[in-house]
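Undergrad: Dumping the structure here so I can ask a few things about it.
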Amino acid sequence: MPEMEVHLFLLLPILVPFLTAILSILAWGRRRLQRILSLVGVAGLLSAGINLFIIVRTGGTQAAQMGNWPAPFGITLVADLFSAIMVVLAGLMGLAVGVYALADVDPGRESFGFHPLYHILLMGVCGAFLTGDIFNLFVWFEVMLIASFVLLALGGERAQMEGAIKYVTLNLVASAIFLAAVGILYGVAGTLNMADLARQLREVTYQNLVNALAMMFLIAFGIKAAVFPLYFWLPAAYHTPPAAVSAIFAGLLTKVGVYAIIRVFTLLFVQDVAYTHTLILVVAGLTMVTGVLGAITQNDFRRILSFQIVSTTGYMIMGLALFTPLALAGAIFYIIHDIIVKTNLFLISGMVRYLQGTYQLKYLGGLYATHPGLAALFLIPALSLAGLPPLSGFWAKLALVRAGLELEQYAIVATALGVSLITLFSMTQIWAEVFWKKNPTDEPALVVSGNGWLLRFYPALALAACTLLIGLVAEPIFALSMSAAEALLDPSGYIQAVLGGTP
Amino acid sequence: MEIVLAFVIGGLYAAGIYMMMRRSIVKLIIGLALLGHAANLLIFTVSRLNRGQPAIVPEGARVPIAAFADPVPQALILTAIVIGFGTLAFAVVLIKRVYEVVGTDDLDSIKGTDA
């Protein structure tokens, strides 16, 4: 394939949301046009993602030098298999939530710029997945953050304001730490290109300084990924905006943090695995436990889900910490599964609110009798989250547990299995309160029909179908995760794609 | 010079963290701004300080002849300042809105969404 075309295909997942955002700013005040643009934009992003994925799957890791500055002097965009998978998932979630948002986001928020912000958020997410430059990663994080700040605060309800203060503060602290870490890293290695850094850091003599840097990156990304003990901003903020906004946050934002942790701890900081990755393993276990214990004490649909985000982040980090091909493949499989499931659960919580007007479990009930379809739709992602076969979560956990057993890390395996059980309990709690018990209020649930319902129902149905599909045909997805994990563990392909020549 | 800057950076971090520990939202935002400045100065310092060595290629040459200061950190700082300005502007607007909606500047009374 001609080089020019590869460059364009690498750029498209960033360019498409960028152009969509600009066009929908130009269409300010014309809601109908913005909605159409938004739909076209997310569909375009998904197809750009799939296109890139096919190129990477057939042709290996791709790199493009922006402005034709040769690496490591310019900014490089790189897509290895892991990045490409993440971009496809970002496109898929963008499409599902984009359709849902047409019904869920009220006209007031739409006319104050929901659509442009949504696409800038997606651009930041895709940029973070595709960049091969550590400072550029910082920039994409900021693009994503500023869009998420506004999306979180848009609407100006009291709870949103309170959540936004915490979210903004913690994320800005994380950014300051990230920036300082990038600065020191540049002082140590003299480069910002991640592939070049990977080469330079192998030869650095100050191992302790590199370890300290690794910890700074772990803290900065750990805040964004919401791992123990840095997660407390998440359950305080994610349940405040409209369901569509919290769904896209839940699906993508913390996963960008997880992606960044996996990227730097497979490419850059692999000199002292016994120290760094053992620490990550401890963090992983504590994240799982504290997240799930937080979830079972809550009585608000979305707060339970928020704590479940924390808990599941632990599993992904566990896969990184064990640091074998099987474990990393498990982590990648888990990310694929979790992005879909978590987004879907938040979408369903929004549908429940649409029907009964609240997220409080004690005022909800009786939906199994009136909306059996919705109840069935909830069970698929909920049981998948808990890890029941044959749903997608089961295979992800199976891989992680097997990897743990092979390494004889029995403590983390026991934690992972125990937390799964409590997750199942937490999901049955929602099931019992929302769907099974009698409606505690006098007001019957909304009788729904028409576009307002269908625009919410079909995205959730499509994501549930994805969950089922991944569960039923797990083998090809797992093989894909496996080759992505092998590429992560042997970065020579990545380095060669960026810098050329022999690594 | 590095020693002096090291103390300045340390002072900025200390002041920033101290401000963030206060209960007032305004002070929280000032603290965040100080953290950003400290990080910028840190980048400036760790990339070695050189006096009077511009990174300019003299006329007729194709590469700089004398030793030159690394221009990359300055580009990084410039980018970070712009980003920091944007986020800070947003934060200032946000605290104004928070004050209007919640009616207080006291972080301890903003606990409604805490788990």
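By order of appearance in the structure tokens: chains A, B, ..., then residues from 1 within every chain, and ligands from 1 in the order shown.
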Leaving out region 80-96 of chain B and any residue of its chain fewer than 2 positions from it, which residues lie within 9 Å of it when counting only C-alpha atoms, given as a ChimeraX atom specification?
TA: /A:139,142-143,145-146,149-150,153,161,164-165,168-169,172,179 /B:25-26,29,32-33,36-37,40,75-78,98-101,105
Undergrad: Save out the residues we just selected, N, CA and C atoms, as a short mmCIF file (atom, residue, chain, number, x, y, z; two decimals), in the first residue's frame.
TA:
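Produced file out-v3.cif, reproduced below:
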data_model
loop_
_atom_site.label_atom_id
_atom_site.label_comp_id
_atom_site.auth_asym_id
_atom_site.auth_seq_id
_atom_site.Cartn_x
_atom_site.Cartn_y
_atom_site.Cartn_z
N VAL A 139 -0.83 15.92 25.62
CA VAL A 139 -1.71 16.87 24.94
C VAL A 139 -3.08 16.24 24.67
N GLU A 142 -5.17 16.10 27.64
CA GLU A 142 -5.77 17.39 27.99
C GLU A 142 -6.96 17.69 27.08
N VAL A 143 -6.84 17.34 25.80
CA VAL A 143 -7.97 17.55 24.88
C VAL A 143 -9.19 16.79 25.38
N LEU A 145 -9.69 15.69 28.42
CA LEU A 145 -10.13 16.16 29.73
C LEU A 145 -10.98 17.41 29.63
N ILE A 146 -10.51 18.37 28.82
CA ILE A 146 -11.25 19.64 28.80
C ILE A 146 -12.64 19.40 28.24
N PHE A 149 -14.58 17.79 31.03
CA PHE A 149 -14.96 18.75 32.07
C PHE A 149 -16.28 19.44 31.70
N VAL A 150 -16.31 19.92 30.45
CA VAL A 150 -17.49 20.69 30.05
C VAL A 150 -18.70 19.77 29.95
N ALA A 153 -20.07 19.20 33.38
CA ALA A 153 -20.70 20.34 34.03
C ALA A 153 -21.89 20.88 33.24
N MET A 161 -22.32 20.18 39.53
CA MET A 161 -21.29 21.15 39.93
C MET A 161 -20.39 20.54 40.99
N ALA A 164 -18.25 17.98 39.41
CA ALA A 164 -17.27 18.55 38.49
C ALA A 164 -16.06 19.10 39.24
N ILE A 165 -16.29 19.74 40.39
CA ILE A 165 -15.16 20.29 41.16
C ILE A 165 -14.16 19.18 41.49
N VAL A 168 -12.51 17.76 38.19
CA VAL A 168 -11.55 18.68 37.58
C VAL A 168 -10.28 18.75 38.43
N THR A 169 -10.44 18.88 39.75
CA THR A 169 -9.27 19.01 40.61
C THR A 169 -8.35 17.80 40.49
N LEU A 172 -6.63 17.55 37.14
CA LEU A 172 -5.58 18.54 36.91
C LEU A 172 -4.34 18.19 37.73
N LEU A 179 2.93 15.85 33.63
CA LEU A 179 3.79 16.81 32.95
C LEU A 179 5.18 16.83 33.57
N ILE B 25 -12.57 27.13 47.67
CA ILE B 25 -12.42 26.66 46.28
C ILE B 25 -11.47 27.57 45.51
N VAL B 26 -11.53 28.87 45.78
CA VAL B 26 -10.65 29.80 45.06
C VAL B 26 -9.19 29.43 45.32
N ILE B 29 -8.07 26.44 43.36
CA ILE B 29 -7.72 26.71 41.96
C ILE B 29 -6.34 27.39 41.88
N LEU B 32 -3.80 24.75 42.16
CA LEU B 32 -3.63 24.00 40.92
C LEU B 32 -2.76 24.76 39.93
N ALA B 33 -2.98 26.09 39.86
CA ALA B 33 -2.19 26.90 38.93
C ALA B 33 -0.71 26.86 39.33
N GLY B 36 0.97 23.72 38.23
CA GLY B 36 1.29 23.77 36.81
C GLY B 36 2.56 24.57 36.54
N HIS B 37 2.70 25.70 37.22
CA HIS B 37 3.90 26.52 37.02
C HIS B 37 5.14 25.77 37.49
N ASN B 40 6.20 23.36 34.90
CA ASN B 40 6.84 24.01 33.76
C ASN B 40 8.29 24.38 34.06
N ALA B 75 9.70 24.48 23.76
CA ALA B 75 8.47 24.21 23.00
C ALA B 75 7.46 23.47 23.88
N LEU B 76 7.97 22.53 24.68
CA LEU B 76 7.07 21.79 25.58
C LEU B 76 6.41 22.73 26.56
N ILE B 77 7.22 23.61 27.15
CA ILE B 77 6.68 24.51 28.17
C ILE B 77 5.64 25.44 27.54
N LEU B 78 5.96 25.92 26.33
CA LEU B 78 5.01 26.81 25.66
C LEU B 78 3.66 26.10 25.49
N VAL B 98 -20.17 27.18 40.33
CA VAL B 98 -20.38 26.42 41.56
C VAL B 98 -20.86 27.36 42.65
N TYR B 99 -20.22 28.52 42.73
CA TYR B 99 -20.62 29.48 43.77
C TYR B 99 -22.06 29.92 43.56
N GLU B 100 -22.45 30.14 42.31
CA GLU B 100 -23.83 30.54 42.04
C GLU B 100 -24.83 29.45 42.40
N VAL B 101 -24.46 28.19 42.06
CA VAL B 101 -25.42 27.10 42.24
C VAL B 101 -25.45 26.64 43.69
N ASP B 105 -18.31 28.88 49.22
CA ASP B 105 -16.93 28.73 48.75
C ASP B 105 -16.22 27.67 49.59
#
Undergrad: Using only C-alpha atoms, determine which residues of chain A fall within 7 Å of chain B; present them as an MDAnalysis selection string.
TA: chainID A and resid 146 158:159 161:163 173 176 179:180 183:184 187 235:236
Undergrad: Just the number, please: distance in Å from CA of Ala84 (chain A) to CA of Ala128 (chain A), one decimal.
TA: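 Separation of CA of Ala84 (chain A) and CA of Ala128 (chain A): 11.6 Å.
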Undergrad: So which one's closest to Glu486 (chain A), A:Ala329, A:Val282, A:Leu305, A:Val245? Using only C-alpha atoms, please.
TA: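 Using only C-alpha atoms, Glu486 (chain A) sits closest to A:Ala329.
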Undergrad: If we count only C-alpha atoms and set the cut-off at 10 Å, which residues sit around Phe53 (chain A), ignoring sequence neighbours fewer than 3 positions away in its own chain? Please answer as a short mmCIF file (atom, residue, chain, number, x, y, z; two decimals) with C-alpha atoms, in the first residue's frame.
TA:
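selection.cif was written with the following content:
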data_model
loop_
_atom_site.label_atom_id
_atom_site.label_comp_id
_atom_site.auth_asym_id
_atom_site.auth_seq_id
_atom_site.Cartn_x
_atom_site.Cartn_y
_atom_site.Cartn_z
CA PHE A 9 -5.69 6.05 7.43
CA LEU A 10 -3.72 6.52 10.64
CA SER A 47 -15.50 2.88 9.80
CA ALA A 48 -12.15 4.70 10.03
CA GLY A 49 -11.35 2.58 13.08
CA ILE A 50 -12.30 -0.67 11.37
CA VAL A 56 -2.80 -3.27 11.11
CA ARG A 57 -4.13 -6.83 11.27
CA THR A 58 -2.83 -7.62 7.81
CA GLY A 59 0.23 -5.36 7.59
CA GLY A 60 1.55 -5.22 11.16
CA ALA A 79 -1.00 1.96 15.50
CA ASP A 80 -0.12 -1.46 16.78
CA LEU A 81 -2.79 -4.09 17.23
CA PHE A 82 -3.66 -2.94 20.76
CA SER A 83 -4.14 0.68 19.63
CA ALA A 84 -6.19 -0.40 16.64
CA ILE A 85 -8.49 -2.52 18.82
CA MET A 86 -8.98 0.41 21.17
CA VAL A 87 -9.79 2.77 18.30
CA VAL A 88 -12.41 0.36 16.95
#
Undergrad: List every residue of chain B that DSSP, applied to the backbone of this structure, places in alpha helix (DSSP H), and write the result as a PyMOL selection string.
TA: chain B and resi 2-21+25-46+72-102
Undergrad: Go ahead and compute the interatomic distance for CA of Val78 (chain A) and CA of Ala63 (chain A), in Å to one decimal.
TA: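 Result for CA of Val78 (chain A) versus CA of Ala63 (chain A): 4.3 Å, one decimal.
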Undergrad: Can you tell me, as a list in words, what residues are no more than 12 Å from Gln271 (chain A) when counting only C-alpha atoms, ignoring any on the same chain fewer than 3 positions away?
TA: Ala198, Arg199, Gln200, Leu201, Arg202, Glu203, Val204, Thr205, Tyr206, Gln207, Asn208, Leu209, Val210, Asn211, Ala214, Val264, Phe265, Thr266, Leu267, Leu268, Ala274, Tyr275, Thr276 and His277 of chain A
Undergrad: Excluding Leu364 (chain A) and any residue of its chain fewer than 5 positions from it, enumerate the residues within 7 Å of it, using only C-alpha atoms, and give them as a list in words.
TA: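 Near Leu364 (chain A), the qualifying residues are Gln356, Glu433, Val434, Asn439 and Pro440 of chain A.
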Undergrad: What gap, in Å, lies between CA of Ile332 (chain A) and CA of Tyr186 (chain A)?
TA: 29.2 Å
Undergrad: Got a sec to tell me which of region 50-285 of chain A DSSP assigns to strand (DSSP E), as a compact mmCIF listing (two decimals) with N, CA and C atoms, in the first residue's frame?
TA:
# COMPACT_ATOMS: atom_id res chain seq x y z
N GLN A 62 1.79 -0.01 12.17
CA GLN A 62 1.96 1.08 11.22
C GLN A 62 2.38 2.35 11.95
N ALA A 63 3.23 3.13 11.30
CA ALA A 63 3.62 4.40 11.90
C ALA A 63 3.60 5.48 10.84
N ALA A 64 3.33 6.71 11.24
CA ALA A 64 3.34 7.84 10.31
C ALA A 64 4.01 9.02 11.00
N GLN A 65 4.93 9.66 10.30
CA GLN A 65 5.61 10.82 10.86
C GLN A 65 4.85 12.06 10.44
N THR A 76 5.14 11.26 16.11
CA THR A 76 4.82 10.05 15.36
C THR A 76 3.45 9.55 15.79
N LEU A 77 2.66 9.11 14.82
CA LEU A 77 1.45 8.36 15.16
C LEU A 77 1.76 6.89 14.90
N VAL A 78 1.40 6.05 15.86
CA VAL A 78 1.66 4.62 15.72
C VAL A 78 0.37 3.87 15.99
N ALA A 79 0.11 2.85 15.19
CA ALA A 79 -1.00 1.96 15.50
C ALA A 79 -0.46 0.55 15.54
Undergrad: Could you name the residues that touch Gln34 (chain A) at 8 Å or less, counting only C-alpha atoms, but leaving out those on the same chain fewer than 6 positions away, as a list in words?
TA: Ser24, Ala27, Trp28 and His115 of chain A
Undergrad: Env of Ala243 (chain A): 10 Å cut, atoms = only C-alpha atoms, seq-sep filter 5 positions within chain, self excluded. Answer as a short mmCIF file (atom, residue, chain, number, x, y, z; two decimals) with N, CA and C atoms, in the first residue's frame.
TA:
data_model
loop_
_atom_site.label_atom_id
_atom_site.label_comp_id
_atom_site.auth_asym_id
_atom_site.auth_seq_id
_atom_site.Cartn_x
_atom_site.Cartn_y
_atom_site.Cartn_z
N VAL A 97 -23.43 5.30 21.84
CA VAL A 97 -23.83 6.38 22.75
C VAL A 97 -24.31 7.59 21.96
N TYR A 100 -27.88 6.93 21.21
CA TYR A 100 -28.62 7.03 22.47
C TYR A 100 -28.79 8.48 22.89
N ALA A 101 -27.73 9.26 22.69
CA ALA A 101 -27.74 10.66 23.15
C ALA A 101 -28.80 11.47 22.40
N ASP A 104 -31.53 10.97 24.69
CA ASP A 104 -31.30 11.15 26.12
C ASP A 104 -30.88 12.56 26.50
N VAL A 105 -30.13 13.24 25.63
CA VAL A 105 -29.62 14.56 25.99
C VAL A 105 -30.68 15.60 25.64
N TYR A 238 -19.17 10.43 38.43
CA TYR A 238 -19.71 9.79 37.23
C TYR A 238 -21.23 9.60 37.26
N ILE A 248 -20.49 7.20 28.12
CA ILE A 248 -19.27 7.31 27.31
C ILE A 248 -18.06 7.49 28.23
N PHE A 249 -18.24 8.18 29.35
CA PHE A 249 -17.14 8.30 30.32
C PHE A 249 -16.77 6.91 30.84
N ARG A 302 -26.55 4.19 39.49
CA ARG A 302 -25.32 4.57 38.80
C ARG A 302 -24.11 4.60 39.73
N THR A 343 -20.42 0.39 29.27
CA THR A 343 -21.23 1.39 28.56
C THR A 343 -22.69 0.97 28.55
N LEU A 345 -24.36 -1.03 30.56
CA LEU A 345 -25.04 -0.94 31.86
C LEU A 345 -25.45 0.49 32.16
N PHE A 346 -24.58 1.45 31.83
CA PHE A 346 -24.95 2.84 32.06
C PHE A 346 -26.11 3.25 31.16
N LEU A 347 -26.12 2.76 29.90
CA LEU A 347 -27.24 3.07 29.02
C LEU A 347 -28.53 2.52 29.61
N ILE A 348 -28.46 1.29 30.15
CA ILE A 348 -29.67 0.69 30.70
C ILE A 348 -30.13 1.44 31.95
N SER A 349 -29.17 1.91 32.76
CA SER A 349 -29.57 2.68 33.94
C SER A 349 -30.30 3.95 33.51
N GLY A 350 -29.86 4.54 32.38
CA GLY A 350 -30.56 5.71 31.87
C GLY A 350 -31.96 5.38 31.41
N MET A 351 -32.15 4.16 30.84
CA MET A 351 -33.49 3.76 30.41
C MET A 351 -34.40 3.56 31.60
N ARG A 353 -34.17 5.09 34.42
CA ARG A 353 -34.52 6.42 34.90
C ARG A 353 -35.59 7.05 34.03
N TYR A 354 -35.48 6.83 32.72
CA TYR A 354 -36.47 7.37 31.78
C TYR A 354 -37.86 6.82 32.13
#
